[in-house]
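One file, my_file_18.tsv, carrying TSV, C-alpha atoms:
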chain	number	residue	atom	x	y	z
Y	1	MET	CA	-2.05	17.65	10.74
Y	2	ASN	CA	-4.24	16.20	13.49
Y	3	ASN	CA	-4.15	12.57	14.61
Y	4	THR	CA	-7.35	11.68	12.79
Y	5	SER	CA	-5.90	12.82	9.48
Y	6	LYS	CA	-2.65	10.98	10.16
Y	7	ASN	CA	-4.46	7.76	10.95
Y	8	LYS	CA	-6.33	7.97	7.64
Y	9	ILE	CA	-3.08	7.68	5.67
Y	10	TYR	CA	-3.51	3.99	4.85
Y	11	PHE	CA	-3.00	2.80	1.29
Y	12	ILE	CA	-3.96	-0.40	-0.49
Y	13	PHE	CA	-0.57	-1.38	-1.92
Y	14	VAL	CA	-0.61	-4.42	0.32
Y	15	ALA	CA	-3.27	-5.76	-2.08
Y	16	ILE	CA	-0.82	-7.68	-4.29
Y	17	ILE	CA	1.68	-8.70	-1.62
Y	18	SER	CA	2.79	-12.28	-2.20
Y	19	LEU	CA	4.44	-12.94	1.15
Y	20	ASN	CA	3.24	-15.99	3.02
Y	21	ALA	CA	0.61	-15.12	5.61
Y	22	CYS	CA	-0.02	-16.81	8.95
Y	23	ALA	CA	-3.26	-18.44	10.05
Y	24	SER	CA	-4.13	-16.25	13.03
Y	25	ASN	CA	-3.41	-12.85	14.53
Y	26	LYS	CA	-1.09	-14.21	17.23
Y	27	ASP	CA	0.75	-16.28	14.65
Y	28	LEU	CA	1.31	-13.14	12.58
Y	29	MET	CA	3.74	-11.92	15.23
Y	30	ILE	CA	5.66	-15.22	15.15
Y	31	GLY	CA	5.67	-15.31	11.37
Y	32	ALA	CA	6.78	-11.69	11.24
Y	33	GLY	CA	9.66	-12.43	13.58
Y	34	ILE	CA	10.89	-15.23	11.32
Y	35	ALA	CA	10.47	-13.10	8.20
Y	36	GLU	CA	12.42	-10.25	9.78
Y	37	VAL	CA	15.44	-12.54	9.96
Y	38	VAL	CA	15.07	-14.44	6.70
Y	39	ILE	CA	13.82	-11.89	4.15
Y	40	PRO	CA	16.41	-9.09	4.63
Y	41	VAL	CA	19.14	-11.58	3.67
Y	42	SER	CA	17.75	-11.58	0.13
Y	43	PHE	CA	18.00	-7.78	0.00
Y	44	LYS	CA	21.77	-7.98	0.21
Y	45	SER	CA	21.77	-10.28	-2.80
Y	46	ASN	CA	19.63	-7.82	-4.75
Y	47	GLU	CA	21.88	-4.94	-3.83
Y	48	ASN	CA	24.82	-6.89	-5.21
Y	49	LYS	CA	22.88	-7.33	-8.44
Y	50	ILE	CA	22.54	-3.55	-8.70
Y	51	LYS	CA	26.27	-3.10	-8.25
Y	52	LYS	CA	26.92	-5.65	-11.00
Y	53	ASP	CA	24.31	-4.28	-13.39
Y	54	PRO	CA	23.59	-0.62	-12.45
Y	55	LEU	CA	22.00	0.22	-15.82
Y	56	ASN	CA	19.36	-2.53	-15.68
Y	57	SER	CA	16.04	-0.96	-14.65
Y	58	GLU	CA	14.46	-4.37	-13.99
Y	59	VAL	CA	16.93	-5.06	-11.20
Y	60	TYR	CA	15.86	-1.85	-9.46
Y	61	LEU	CA	12.20	-2.80	-9.91
Y	62	ASP	CA	12.74	-6.22	-8.38
Y	63	ILE	CA	14.44	-5.00	-5.22
Y	64	SER	CA	12.08	-2.04	-4.85
Y	65	GLN	CA	8.89	-4.06	-4.90
Y	66	ASN	CA	10.37	-6.58	-2.48
Y	67	LEU	CA	11.22	-3.77	-0.06
Y	68	VAL	CA	7.68	-2.41	-0.27
Y	69	LYS	CA	6.08	-5.83	0.15
Y	70	PHE	CA	8.21	-6.64	3.19
Y	71	SER	CA	7.61	-3.25	4.78
Y	72	TYR	CA	3.83	-3.34	4.31
Y	73	GLY	CA	3.23	-7.02	4.84
Y	74	ILE	CA	5.49	-7.56	7.85
Y	75	LEU	CA	6.94	-4.46	9.51
Y	76	MET	CA	4.01	-2.05	9.17
Y	77	GLU	CA	1.45	-4.70	10.04
Y	78	LYS	CA	3.39	-5.58	13.18
Y	79	ALA	CA	3.85	-1.90	14.07
Y	80	ASP	CA	0.12	-1.24	13.79
Y	81	ARG	CA	-0.65	-3.97	16.29
Y	82	LEU	CA	2.13	-3.05	18.72
Y	83	MET	CA	1.02	0.59	18.69
Y	84	TYR	CA	-1.65	-0.30	21.26
Y	85	THR	CA	0.53	-2.43	23.53
Y	86	ASP	CA	4.13	-1.28	23.11
Y	87	TYR	CA	4.36	2.21	21.65
Y	88	TYR	CA	8.15	2.44	21.56
Y	89	ALA	CA	8.57	-0.93	19.86
Y	90	ALA	CA	5.96	0.14	17.30
Y	91	ARG	CA	7.84	3.36	16.63
Y	92	ASN	CA	10.98	1.35	15.91
Y	93	TYR	CA	9.12	-0.75	13.35
Y	94	TYR	CA	7.68	2.37	11.72
Y	95	SER	CA	11.18	3.85	11.58
Y	96	ASP	CA	12.63	0.70	10.01
Y	97	SER	CA	9.77	0.68	7.50
Y	98	LEU	CA	10.39	4.30	6.58
Y	99	ASP	CA	14.04	3.57	5.82
Y	100	LEU	CA	13.05	0.75	3.48
Y	101	PHE	CA	10.33	2.78	1.76
Y	102	LEU	CA	12.80	5.59	1.14
Y	103	SER	CA	15.31	3.10	-0.28
Y	104	SER	CA	12.59	1.72	-2.54
Y	105	ARG	CA	11.69	5.22	-3.68
Y	106	ARG	CA	15.32	5.92	-4.52
Y	107	TYR	CA	15.65	2.70	-6.50
Y	108	MET	CA	12.47	3.34	-8.47
Y	109	MET	CA	13.45	6.89	-9.31
Y	110	GLN	CA	16.77	5.55	-10.55
Y	111	ALA	CA	15.02	2.90	-12.65
Y	112	LEU	CA	12.64	5.38	-14.27
Y	113	SER	CA	15.43	7.90	-14.81
Y	114	LEU	CA	17.32	5.21	-16.74
Y	115	LYS	CA	14.29	4.92	-19.00
Y	116	TYR	CA	13.49	8.65	-19.18
Y	117	GLU	CA	16.23	11.13	-18.42
Y	118	ASN	CA	13.75	13.85	-17.48
Y	119	PHE	CA	11.36	11.62	-15.53
Y	120	GLU	CA	11.70	13.31	-12.13
Y	121	THR	CA	11.31	16.78	-13.65
Y	122	ALA	CA	8.18	15.64	-15.51
Y	123	MET	CA	6.71	14.11	-12.36
Y	124	MET	CA	7.37	17.14	-10.17
Y	125	SER	CA	5.93	19.53	-12.78
Y	126	LYS	CA	3.10	17.10	-13.71
Y	127	SER	CA	4.14	17.37	-17.36
Y	128	ASN	CA	3.28	14.95	-20.12
Y	129	ILE	CA	5.78	12.18	-20.78
Y	130	ASP	CA	5.66	9.44	-23.39
Y	131	LEU	CA	5.31	6.49	-21.02
Y	132	LYS	CA	4.78	2.91	-22.23
Y	133	ILE	CA	2.61	0.08	-20.95
Y	134	GLU	CA	5.65	-1.79	-19.64
Y	135	ASP	CA	6.26	1.16	-17.31
Y	136	VAL	CA	3.10	0.46	-15.28
Y	137	PRO	CA	4.81	-1.70	-12.61
Y	138	TYR	CA	7.45	1.00	-12.14
Y	139	LEU	CA	4.84	3.71	-11.68
Y	140	TYR	CA	2.86	1.54	-9.27
Y	141	TRP	CA	5.74	0.53	-7.02
Y	142	LEU	CA	7.14	4.05	-6.98
Y	143	SER	CA	3.76	5.30	-5.81
Y	144	GLY	CA	3.74	2.47	-3.25
Y	145	SER	CA	7.08	3.51	-1.81
Y	146	MET	CA	5.87	7.11	-1.56
Y	147	ALA	CA	2.62	6.09	0.12
Y	148	GLY	CA	4.54	3.87	2.50
Y	149	SER	CA	6.82	6.74	3.48
Y	150	ILE	CA	3.78	8.85	4.34
Y	151	GLN	CA	2.22	6.11	6.43
Y	152	ALA	CA	5.43	5.03	8.19
Y	153	SER	CA	6.26	8.65	9.07
Y	154	GLN	CA	2.74	9.14	10.45
Y	155	GLY	CA	1.99	11.88	7.94
Y	156	ASP	CA	5.23	13.87	8.21
Y	157	PRO	CA	4.91	16.96	5.94
Y	158	GLU	CA	8.30	16.10	4.45
Y	159	TYR	CA	6.67	13.10	2.80
Y	160	LEU	CA	3.11	14.38	2.43
Y	161	ILE	CA	4.31	16.51	-0.47
Y	162	ASP	CA	4.38	13.29	-2.49
Y	163	LEU	CA	0.58	12.98	-2.41
Y	164	SER	CA	0.23	14.85	-5.70
Y	165	ASN	CA	3.05	12.74	-7.20
Y	166	ILE	CA	1.27	9.55	-6.18
Y	167	ARG	CA	-1.88	10.66	-7.96
Y	168	TRP	CA	0.08	11.65	-11.08
Y	169	LEU	CA	1.84	8.27	-11.17
Y	170	LEU	CA	-1.37	6.29	-10.79
Y	171	GLU	CA	-3.33	8.38	-13.27
Y	172	ASN	CA	-0.65	7.79	-15.88
Y	173	ALA	CA	-0.57	4.07	-15.10
Y	174	ILE	CA	-4.35	3.80	-15.43
Y	175	ILE	CA	-4.22	5.46	-18.86
Y	176	LEU	CA	-1.75	2.79	-19.97
Y	177	ASP	CA	-3.33	-0.34	-18.46
Y	178	PRO	CA	-6.42	0.39	-16.36
Y	179	GLU	CA	-7.14	-3.15	-15.16
Y	180	TRP	CA	-3.52	-4.09	-14.45
Y	181	GLU	CA	-3.09	-6.76	-11.76
Y	182	LYS	CA	-6.83	-7.26	-11.27
Y	183	GLY	CA	-7.65	-3.65	-10.50
Y	184	SER	CA	-4.68	-2.79	-8.28
Y	185	LEU	CA	-4.43	0.67	-9.84
Y	186	TYR	CA	-8.12	1.34	-9.22
Y	187	ALA	CA	-7.70	0.17	-5.62
Y	188	ALA	CA	-4.77	2.49	-5.10
Y	189	MET	CA	-6.72	5.42	-6.56
Y	190	MET	CA	-9.57	4.59	-4.21
Y	191	SER	CA	-7.20	5.14	-1.31
Y	192	VAL	CA	-5.85	8.33	-2.86
Y	193	TYR	CA	-9.34	9.83	-2.84
Y	194	ILE	CA	-10.23	8.44	0.59
Y	195	ASN	CA	-7.19	10.24	1.96
Y	196	ASP	CA	-7.55	13.34	-0.19
Y	197	LEU	CA	-6.49	16.50	1.64
Y	198	SER	CA	-7.18	18.95	-1.19
Y	199	GLY	CA	-10.73	19.74	-0.17
Y	200	ASP	CA	-12.17	18.23	-3.35
Y	201	LYS	CA	-15.92	17.91	-2.68
Y	202	ASN	CA	-16.11	14.99	-5.10
Y	203	SER	CA	-13.37	12.91	-3.49
Y	204	GLU	CA	-15.81	10.68	-1.59
Y	205	ARG	CA	-17.78	9.92	-4.74
Y	206	LYS	CA	-14.57	9.23	-6.69
Y	207	ALA	CA	-13.27	6.92	-3.96
Y	208	LEU	CA	-16.44	4.83	-4.10
Y	209	GLU	CA	-16.34	4.79	-7.90
Y	210	TYR	CA	-12.79	3.44	-7.83
Y	211	PHE	CA	-13.85	0.87	-5.25
Y	212	SER	CA	-16.51	-0.37	-7.68
Y	213	LEU	CA	-14.00	-0.49	-10.53
Y	214	ALA	CA	-11.46	-2.36	-8.40
Y	215	ASN	CA	-14.10	-4.78	-7.16
Y	216	SER	CA	-15.28	-5.48	-10.69
Y	217	ALA	CA	-11.74	-6.00	-12.01
Y	218	ALA	CA	-11.06	-8.52	-9.22
Y	219	GLU	CA	-14.47	-10.17	-9.75
Y	220	GLY	CA	-15.37	-9.46	-6.12
Y	221	LEU	CA	-12.46	-11.51	-4.78
Y	222	ASN	CA	-10.14	-8.80	-3.43
Y	223	VAL	CA	-10.50	-8.78	0.36
Y	224	SER	CA	-8.14	-5.81	0.77
Y	225	ILE	CA	-10.33	-3.21	-0.88
Y	226	TYR	CA	-13.19	-3.98	1.52
Y	227	VAL	CA	-10.85	-3.79	4.51
Y	228	THR	CA	-9.34	-0.51	3.37
Y	229	LEU	CA	-12.72	1.08	2.71
Y	230	ALA	CA	-13.86	-0.05	6.15
Y	231	GLU	CA	-10.75	1.20	7.96
Y	232	SER	CA	-10.09	4.41	6.12
Y	233	PHE	CA	-13.55	5.47	4.99
Y	234	ALA	CA	-16.17	4.04	7.34
Y	235	VAL	CA	-14.09	4.68	10.46
Y	236	GLY	CA	-13.32	8.21	9.28
Y	237	LYS	CA	-17.04	8.88	8.90
Y	238	GLN	CA	-17.77	7.04	12.15
Y	239	ASP	CA	-20.25	4.86	10.28
Y	240	LYS	CA	-20.21	1.70	12.38
Y	241	SER	CA	-22.95	-0.02	10.40
Y	242	TYR	CA	-21.13	0.45	7.08
Y	243	PHE	CA	-17.86	-0.63	8.70
Y	244	LEU	CA	-19.38	-3.91	9.87
Y	245	GLU	CA	-21.01	-4.47	6.49
Y	246	LEU	CA	-17.66	-4.07	4.73
Y	247	ILE	CA	-15.70	-6.21	7.19
Y	248	ASN	CA	-18.30	-8.97	7.07
Y	249	SER	CA	-18.27	-8.84	3.27
Y	250	ALA	CA	-14.47	-9.12	3.34
Y	251	LEU	CA	-14.57	-12.13	5.63
Y	252	ALA	CA	-17.23	-13.80	3.48
Y	253	ILE	CA	-15.00	-13.85	0.38
Y	254	ASP	CA	-13.73	-17.30	-0.55
Y	255	ILE	CA	-9.98	-16.74	-0.69
Y	256	ASN	CA	-9.41	-20.07	-2.46
Y	257	LYS	CA	-11.18	-18.91	-5.63
Y	258	ASP	CA	-8.28	-16.80	-6.88
Y	259	LYS	CA	-4.83	-18.27	-6.38
Y	260	GLU	CA	-3.07	-15.07	-7.43
Y	261	LEU	CA	-4.82	-13.09	-4.69
Y	262	LYS	CA	-4.80	-15.82	-2.07
Y	263	GLN	CA	-1.76	-14.79	-0.04
Y	264	ALA	CA	-2.69	-11.10	-0.09
Y	265	ASN	CA	-6.23	-12.03	0.87
Y	266	LYS	CA	-4.94	-14.03	3.83
Y	267	LEU	CA	-3.14	-10.95	5.10
Y	268	ALA	CA	-6.21	-8.79	4.53
Y	269	ARG	CA	-8.42	-11.28	6.42
Y	270	LEU	CA	-6.05	-11.11	9.38
Y	271	ARG	CA	-6.37	-7.34	9.40
Y	272	ALA	CA	-10.15	-7.55	9.06
Y	273	LYS	CA	-10.37	-9.83	12.10
Y	274	TRP	CA	-8.07	-7.53	14.07
Y	275	LEU	CA	-10.16	-4.48	13.17
Y	276	LEU	CA	-13.31	-6.35	14.13
Y	277	SER	CA	-11.80	-7.00	17.58
Y	278	ARG	CA	-11.24	-3.25	17.99
Y	279	VAL	CA	-14.70	-1.96	17.08
Y	280	GLU	CA	-15.22	-0.30	20.44
Y	281	ASP	CA	-11.91	1.54	20.13
Y	282	LEU	CA	-12.56	2.68	16.55
Y	283	PHE	CA	-16.06	4.05	17.09
Y	284	TYR	CA	-16.55	6.58	19.84
Y	285	MET	CA	-19.84	8.15	18.73

I'd like the structure from this file rewritten - as structure tokens, please.
Amino acid sequence: MNNTSKNKIYFIFVAIISLNACASNKDLMIGAGIAEVVIPVSFKSNENKIKKDPLNSEVYLDISQNLVKFSYGILMEKADRLMYTDYYAARNYYSDSLDLFLSSRRYMMQALSLKYENFETAMMSKSNIDLKIEDVPYLYWLSGSMAGSIQASQGDPEYLIDLSNIRWLLENAIILDPEWEKGSLYAAMMSVYINDLSGDKNSERKALEYFSLANSAAEGLNVSIYVTLAESFAVGKQDKSYFLELINSALAIDINKDKELKQANKLARLRAKWLLSRVEDLFYM
């Protein structure tokens, strides 16, 4: 896979992150440093919960989503910025993120296997399985851990094989509860089609359709979907005008209108401002 394809592997699972965000790009580094010390302490507590209650799928869900949130919201975000100033430090953050994403994947597979003994077999063979609406968070965070592994590994083929599993998980989740978490499933599917490697001629159209669905479900208040479309779609097409339109639209959203999205929107605004500062690097045509 070439570097352009690798760089396109950016998913929207950060969209419902609830970690506290900082007020500026430089403060993100300081905030990340504090979080790196404080947050992992809670992981040990969660791991102890698993040891005490290994048959409780909700315990696995709790620790898994926290691992994904921390990896996307802190480690990966920091790695992306350091990539242009300190390559080796960035690689270390990507490596740490990958370890956590893989742990999250393992926990979620265990949780779903507790619910459905043949879950992994059904997923790998893309077979029908009698899933329930309460399974949606499990499907979502499992797909998030898989997507994170792809991104953190910079598109390593070992993890790229999960692309079809991610789509299967999200498609099943959408059938159960399409507008879950204000369109988070639609947003994730948007990214799936943006980063589609199958050669599907309709993937661009489908990505934009899912963007519209996600935007409608969030009542136009999800900053992240605009930022992702700008970074993964407009940059990939080298459409500078569309990129600026999307970033400006993202920055124009009033993040105080939706309290549930506020912290995630703060993070997305930080990324939008960072991308805006790198326009000349992103567009070479």

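For the atom pair formed by atom CA of Arg278 of chain Y and atom CA of Asp99 of chain Y, the distance is 28.9 Å, given to one decimal.
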
Compile the contact shell of Leu185 of chain Y as a PyMOL selection string: residues with an atom at most 9 Å away, counting all atoms listed in the file, same-chain residues fewer than 5 positions apart removed.
-> chain Y and resi 140+170-171+173-174+177-180+190+214

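Atom CA of Leu102 of chain Y lies 22.8 Å from atom CA of Ala264 of chain Y.
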
Distance in Å - atom CA of Lys266 of chain Y versus atom CA of Lys237 of chain Y | 26.4 Å

Excluding segment 230-235 of chain Y and its own-chain neighbours fewer than 4 positions away, which residues fall within 12 Å of it when counting only C-alpha atoms? Please give them as a PDB file with C-alpha atoms, in the coordinates of the input.
ATOM      1  CA  THR Y   4      -7.350  11.680  12.790  1.00  0.00           C
ATOM      2  CA  SER Y   5      -5.900  12.820   9.480  1.00  0.00           C
ATOM      3  CA  LYS Y   6      -2.650  10.980  10.160  1.00  0.00           C
ATOM      4  CA  ASN Y   7      -4.460   7.760  10.950  1.00  0.00           C
ATOM      5  CA  LYS Y   8      -6.330   7.970   7.640  1.00  0.00           C
ATOM      6  CA  ILE Y   9      -3.080   7.680   5.670  1.00  0.00           C
ATOM      7  CA  TYR Y  10      -3.510   3.990   4.850  1.00  0.00           C
ATOM      8  CA  PHE Y  11      -3.000   2.800   1.290  1.00  0.00           C
ATOM      9  CA  ILE Y  12      -3.960  -0.400  -0.490  1.00  0.00           C
ATOM     10  CA  MET Y 190      -9.570   4.590  -4.210  1.00  0.00           C
ATOM     11  CA  SER Y 191      -7.200   5.140  -1.310  1.00  0.00           C
ATOM     12  CA  VAL Y 192      -5.850   8.330  -2.860  1.00  0.00           C
ATOM     13  CA  TYR Y 193      -9.340   9.830  -2.840  1.00  0.00           C
ATOM     14  CA  ILE Y 194     -10.230   8.440   0.590  1.00  0.00           C
ATOM     15  CA  ASN Y 195      -7.190  10.240   1.960  1.00  0.00           C
ATOM     16  CA  ASP Y 196      -7.550  13.340  -0.190  1.00  0.00           C
ATOM     17  CA  SER Y 203     -13.370  12.910  -3.490  1.00  0.00           C
ATOM     18  CA  GLU Y 204     -15.810  10.680  -1.590  1.00  0.00           C
ATOM     19  CA  ARG Y 205     -17.780   9.920  -4.740  1.00  0.00           C
ATOM     20  CA  ALA Y 207     -13.270   6.920  -3.960  1.00  0.00           C
ATOM     21  CA  LEU Y 208     -16.440   4.830  -4.100  1.00  0.00           C
ATOM     22  CA  PHE Y 211     -13.850   0.870  -5.250  1.00  0.00           C
ATOM     23  CA  VAL Y 223     -10.500  -8.780   0.360  1.00  0.00           C
ATOM     24  CA  SER Y 224      -8.140  -5.810   0.770  1.00  0.00           C
ATOM     25  CA  ILE Y 225     -10.330  -3.210  -0.880  1.00  0.00           C
ATOM     26  CA  TYR Y 226     -13.190  -3.980   1.520  1.00  0.00           C
ATOM     27  CA  ASP Y 239     -20.250   4.860  10.280  1.00  0.00           C
ATOM     28  CA  LYS Y 240     -20.210   1.700  12.380  1.00  0.00           C
ATOM     29  CA  SER Y 241     -22.950  -0.020  10.400  1.00  0.00           C
ATOM     30  CA  TYR Y 242     -21.130   0.450   7.080  1.00  0.00           C
ATOM     31  CA  PHE Y 243     -17.860  -0.630   8.700  1.00  0.00           C
ATOM     32  CA  LEU Y 244     -19.380  -3.910   9.870  1.00  0.00           C
ATOM     33  CA  GLU Y 245     -21.010  -4.470   6.490  1.00  0.00           C
ATOM     34  CA  LEU Y 246     -17.660  -4.070   4.730  1.00  0.00           C
ATOM     35  CA  ILE Y 247     -15.700  -6.210   7.190  1.00  0.00           C
ATOM     36  CA  ASN Y 248     -18.300  -8.970   7.070  1.00  0.00           C
ATOM     37  CA  SER Y 249     -18.270  -8.840   3.270  1.00  0.00           C
ATOM     38  CA  ALA Y 250     -14.470  -9.120   3.340  1.00  0.00           C
ATOM     39  CA  ALA Y 268      -6.210  -8.790   4.530  1.00  0.00           C
ATOM     40  CA  ARG Y 271      -6.370  -7.340   9.400  1.00  0.00           C
ATOM     41  CA  ALA Y 272     -10.150  -7.550   9.060  1.00  0.00           C
ATOM     42  CA  LYS Y 273     -10.370  -9.830  12.100  1.00  0.00           C
ATOM     43  CA  TRP Y 274      -8.070  -7.530  14.070  1.00  0.00           C
ATOM     44  CA  LEU Y 275     -10.160  -4.480  13.170  1.00  0.00           C
ATOM     45  CA  LEU Y 276     -13.310  -6.350  14.130  1.00  0.00           C
ATOM     46  CA  ARG Y 278     -11.240  -3.250  17.990  1.00  0.00           C
ATOM     47  CA  VAL Y 279     -14.700  -1.960  17.080  1.00  0.00           C
ATOM     48  CA  GLU Y 280     -15.220  -0.300  20.440  1.00  0.00           C
ATOM     49  CA  ASP Y 281     -11.910   1.540  20.130  1.00  0.00           C
ATOM     50  CA  LEU Y 282     -12.560   2.680  16.550  1.00  0.00           C
ATOM     51  CA  PHE Y 283     -16.060   4.050  17.090  1.00  0.00           C
ATOM     52  CA  TYR Y 284     -16.550   6.580  19.840  1.00  0.00           C
ATOM     53  CA  MET Y 285     -19.840   8.150  18.730  1.00  0.00           C
TER      54      MET Y 285
END

Nearest to Gly73 of chain Y, chosen from Y:Leu270, Y:Ser153, Y:Asn92, Y:Asp135, with all atoms listed in the file counted in the distances | Y:Leu270
